[in-house]
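Read through the structure below, which is laid out as structure tokens, and then see the notes.
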Amino acid sequence: MKITVNTLQKMAQEGQKIAMLTCYDASFATLLEQAGVEILLVGDSLGMVVQGIDSTLPVAEEEMLYHVRCVARGAKQAMVLGDMTFGAYQESPQQAFAHAARIIQAGAHMVKLEGGAYMADTTRFLVERGVPVCAHIGLTPQFVNTFGGYRVQGKSEEDARRIVNDAKAHAAAGASLVLMECVPAELAREITESISVPTIGIGAGVDVSGQVLVLHDMLGVYPGKKARFVKDFMAEAGSIQGAVQSYVQAVKDKSFPAAEHTF
Ligand code: KIV
């Protein structure tokens, strides 16, 4: 069955968890969707796990389009979600639409943008022109230099209220998904309960509509210190397919993320 925005909305309403993973090529796109992953995120994390850069910032539009095309060729049912790249959409809603249109034409069904309530006008502009939007809030990696590192967001009451406001603004602007990265589980639960849009968490606890991880992290491939919210599913599985199936199962039965993966 083809996964659409309606499928995701229905799953969230019925309490069925959504499984998302990042994906950068056609072979993995086929493997992941056959293992039951509903959303393939062509994340700008490709800068780190594919290109070996230390942030997502230098990933170019052309590189994103190349990977979206690759993933779209391998995906028959899963939703393909393409990341908007740093510098290619923040200037104006018009600039964002031109960038989003190229990502959709490359084969994505939805685009993801980073930023809080101030980006809600852009979300609305895209949605009104036929581009479904996933709004990425909380720890937004394209702001690494502003945040001074990859830090948990929403720990103070003031910051938490700001993030709730961000989620509500994007939901009101018509976003199809709100993705929260590295926020306290309690805050993610409050947001999920206060908007009618499905929420996806990464380092946001279990009380969200679905989960996402970076593929290389959950396969134990990416070198360096493992973030708290990451589980290496390959450690116990005999194969890549087995690891992805365990991830999907753990998301669906809510055994992942556990308390040890949560802030
Ligand atoms: O680029 C990416 O992989 C992401 C995830 C961390 C959500 O944005």
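Chain identifiers are assigned as A, B, and so on, following the order in which chains appear in the structure tokens; residues are numbered from 1 within each chain, and ligands are numbered from 1 in order of appearance.
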
With a distance cut-off of 7 Å and only C-alpha atoms, select the neighbouring residues of stretch 257-263 of chain A, excluding the residue or stretch itself and same-chain residues fewer than 5 positions from it, and output the selection as an mmCIF file with N, CA, C and O atoms, in the first residue's frame.
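Written file, out_19.cif:
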data_model
loop_
_atom_site.group_PDB
_atom_site.id
_atom_site.type_symbol
_atom_site.label_atom_id
_atom_site.label_comp_id
_atom_site.auth_asym_id
_atom_site.auth_seq_id
_atom_site.Cartn_x
_atom_site.Cartn_y
_atom_site.Cartn_z
ATOM 1 N N VAL A 183 14.499 16.710 22.502
ATOM 2 C CA VAL A 183 13.739 17.505 23.481
ATOM 3 C C VAL A 183 13.306 16.558 24.596
ATOM 4 O O VAL A 183 13.173 15.347 24.369
ATOM 5 N N PRO A 184 13.062 17.068 25.803
ATOM 6 C CA PRO A 184 12.620 16.192 26.886
ATOM 7 C C PRO A 184 11.330 15.445 26.498
ATOM 8 O O PRO A 184 10.446 16.014 25.844
ATOM 9 N N ALA A 185 11.251 14.183 26.926
ATOM 10 C CA ALA A 185 10.114 13.330 26.554
ATOM 11 C C ALA A 185 8.778 13.938 26.985
ATOM 12 O O ALA A 185 7.779 13.857 26.263
ATOM 13 N N GLY A 203 15.188 11.242 19.799
ATOM 14 C CA GLY A 203 15.599 11.759 21.100
ATOM 15 C C GLY A 203 14.474 12.552 21.737
ATOM 16 O O GLY A 203 14.709 13.572 22.393
ATOM 17 N N ALA A 204 13.222 12.103 21.555
ATOM 18 C CA ALA A 204 12.063 12.835 22.083
ATOM 19 C C ALA A 204 11.120 11.906 22.850
ATOM 20 O O ALA A 204 9.964 12.262 23.082
ATOM 21 N N GLY A 205 11.604 10.744 23.217
ATOM 22 C CA GLY A 205 10.782 9.828 24.009
ATOM 23 C C GLY A 205 9.803 9.039 23.166
ATOM 24 O O GLY A 205 9.776 9.141 21.934
ATOM 25 N N VAL A 206 8.969 8.275 23.864
ATOM 26 C CA VAL A 206 8.113 7.300 23.184
ATOM 27 C C VAL A 206 6.715 7.849 22.879
ATOM 28 O O VAL A 206 6.000 7.313 22.034
ATOM 29 N N ARG A 228 22.930 9.501 22.998
ATOM 30 C CA ARG A 228 22.066 8.814 23.975
ATOM 31 C C ARG A 228 20.818 8.201 23.323
ATOM 32 O O ARG A 228 20.357 7.130 23.694
ATOM 33 N N PHE A 229 20.242 8.914 22.336
ATOM 34 C CA PHE A 229 18.966 8.471 21.767
ATOM 35 C C PHE A 229 19.114 7.372 20.712
ATOM 36 O O PHE A 229 18.120 6.891 20.178
ATOM 37 N N VAL A 230 20.365 6.974 20.417
ATOM 38 C CA VAL A 230 20.593 5.970 19.366
ATOM 39 C C VAL A 230 20.645 4.574 19.972
ATOM 40 O O VAL A 230 21.264 4.358 21.005
#

Give the residues close to ligand 1, within 8 Å, counting only C-alpha atoms and all ligand atoms; write them as a PDB file with C-alpha atoms, in the first residue's frame.
ATOM      1  CA  THR A  22      17.021   8.027   6.830  1.00  0.00           C
ATOM      2  CA  LEU A  41      13.997  10.521   4.958  1.00  0.00           C
ATOM      3  CA  VAL A  42      16.663  11.663   2.533  1.00  0.00           C
ATOM      4  CA  GLY A  43      18.265  13.660   5.297  1.00  0.00           C
ATOM      5  CA  ASP A  44      21.001  16.226   4.947  1.00  0.00           C
ATOM      6  CA  SER A  45      22.726  13.993   7.521  1.00  0.00           C
ATOM      7  CA  LEU A  46      24.093  12.527   4.285  1.00  0.00           C
ATOM      8  CA  THR A  56      24.933  19.171   7.453  1.00  0.00           C
ATOM      9  CA  ASP A  83      15.428  17.617   3.283  1.00  0.00           C
ATOM     10  CA  LYS A 112      11.401  18.879   5.556  1.00  0.00           C
ATOM     11  CA  HIS A 136      11.728  20.060  12.101  1.00  0.00           C
ATOM     12  CA  THR A 140      17.726  21.747  14.379  1.00  0.00           C
ATOM     13  CA  PRO A 141      21.184  20.655  13.146  1.00  0.00           C
ATOM     14  CA  LEU A 179       9.563  16.320  13.762  1.00  0.00           C
ATOM     15  CA  GLU A 181      14.771  16.331  17.799  1.00  0.00           C
ATOM     16  CA  ILE A 202      14.382  11.507  17.535  1.00  0.00           C
ATOM     17  CA  VAL A 212      13.202   8.339  13.159  1.00  0.00           C
ATOM     18  CA  LEU A 213      16.885   7.414  13.383  1.00  0.00           C
ATOM     19  CA  VAL A 214      19.822   7.919  11.067  1.00  0.00           C
TER      20      VAL A 214
END

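With atom CA of A:Thr30 on one side and atom CA of A:Gly74 on the other, the separation reads 5.0 Å.
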
Inset, instruction - Fewer than 5 positions away in the same chain doesn't count, so skip those; otherwise give me all residues within 9 Å of stretch 95-97 of chain A, counting only C-alpha atoms, as a list of chain:residue names. - result: A:Met84, A:Ala88, A:Tyr89, A:Gln90, A:Arg102, A:Thr122, A:Phe125, A:Leu126, A:Arg129, A:Val131

Once you have the residues from the selection above, write them out as a PDB file, in the first residue's frame, restricted to N, CA and C atoms.
ATOM      1  N   MET A  84      15.272  20.007   2.915  1.00  0.00           N
ATOM      2  CA  MET A  84      15.645  21.275   2.294  1.00  0.00           C
ATOM      3  C   MET A  84      17.049  21.605   2.803  1.00  0.00           C
ATOM      4  N   ALA A  88      19.225  27.278   1.079  1.00  0.00           N
ATOM      5  CA  ALA A  88      18.434  27.194  -0.163  1.00  0.00           C
ATOM      6  C   ALA A  88      16.959  27.511   0.065  1.00  0.00           C
ATOM      7  N   TYR A  89      16.575  27.848   1.328  1.00  0.00           N
ATOM      8  CA  TYR A  89      15.139  28.095   1.553  1.00  0.00           C
ATOM      9  C   TYR A  89      14.829  29.149   2.606  1.00  0.00           C
ATOM     10  N   GLN A  90      15.808  29.616   3.344  1.00  0.00           N
ATOM     11  CA  GLN A  90      15.525  30.482   4.494  1.00  0.00           C
ATOM     12  C   GLN A  90      15.250  31.944   4.118  1.00  0.00           C
ATOM     13  N   ARG A 102      11.930  21.576  -6.796  1.00  0.00           N
ATOM     14  CA  ARG A 102      12.982  20.732  -7.401  1.00  0.00           C
ATOM     15  C   ARG A 102      13.112  19.410  -6.635  1.00  0.00           C
ATOM     16  N   THR A 122       6.465  30.200   5.703  1.00  0.00           N
ATOM     17  CA  THR A 122       7.024  29.404   4.600  1.00  0.00           C
ATOM     18  C   THR A 122       6.274  28.079   4.480  1.00  0.00           C
ATOM     19  N   PHE A 125       3.039  28.804   2.775  1.00  0.00           N
ATOM     20  CA  PHE A 125       3.263  29.131   1.357  1.00  0.00           C
ATOM     21  C   PHE A 125       3.448  27.841   0.541  1.00  0.00           C
ATOM     22  N   LEU A 126       4.214  26.909   1.083  1.00  0.00           N
ATOM     23  CA  LEU A 126       4.466  25.644   0.368  1.00  0.00           C
ATOM     24  C   LEU A 126       3.207  24.793   0.306  1.00  0.00           C
ATOM     25  N   ARG A 129       0.667  25.660  -2.129  1.00  0.00           N
ATOM     26  CA  ARG A 129       1.090  25.441  -3.520  1.00  0.00           C
ATOM     27  C   ARG A 129       1.365  23.963  -3.802  1.00  0.00           C
ATOM     28  N   VAL A 131       2.850  21.505  -1.812  1.00  0.00           N
ATOM     29  CA  VAL A 131       4.034  20.822  -1.257  1.00  0.00           C
ATOM     30  C   VAL A 131       3.782  20.471   0.215  1.00  0.00           C
TER      31      VAL A 131
END

Legend entry - All residues 9 Å or closer to stretch 11-20 of chain A, only C-alpha atoms, same chain fewer than 4 positions away omitted, as number ranges by chain: A: 6-7, 36-41, 196-200, 208-213, 247-249, 251-254

Inset, instruction - Choose the residue, out of A:Met79, A:Leu113, A:Leu21, A:Met48, that has the smallest atom-to-atom separation from A:Pro223; count only C-alpha atoms. - result: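 Distance minimum relative to A:Pro223 lands on A:Met48.
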
Inset, instruction - Name the residues of stretch 22-252 of chain A that come out as alpha helix (DSSP H) in a backbone DSSP run; write them as a PyMOL selection string. - result: chain A and resi 26-34+46-49+61-74+93-105+120-128+144-147+157-172+185-194+215-218+240-252
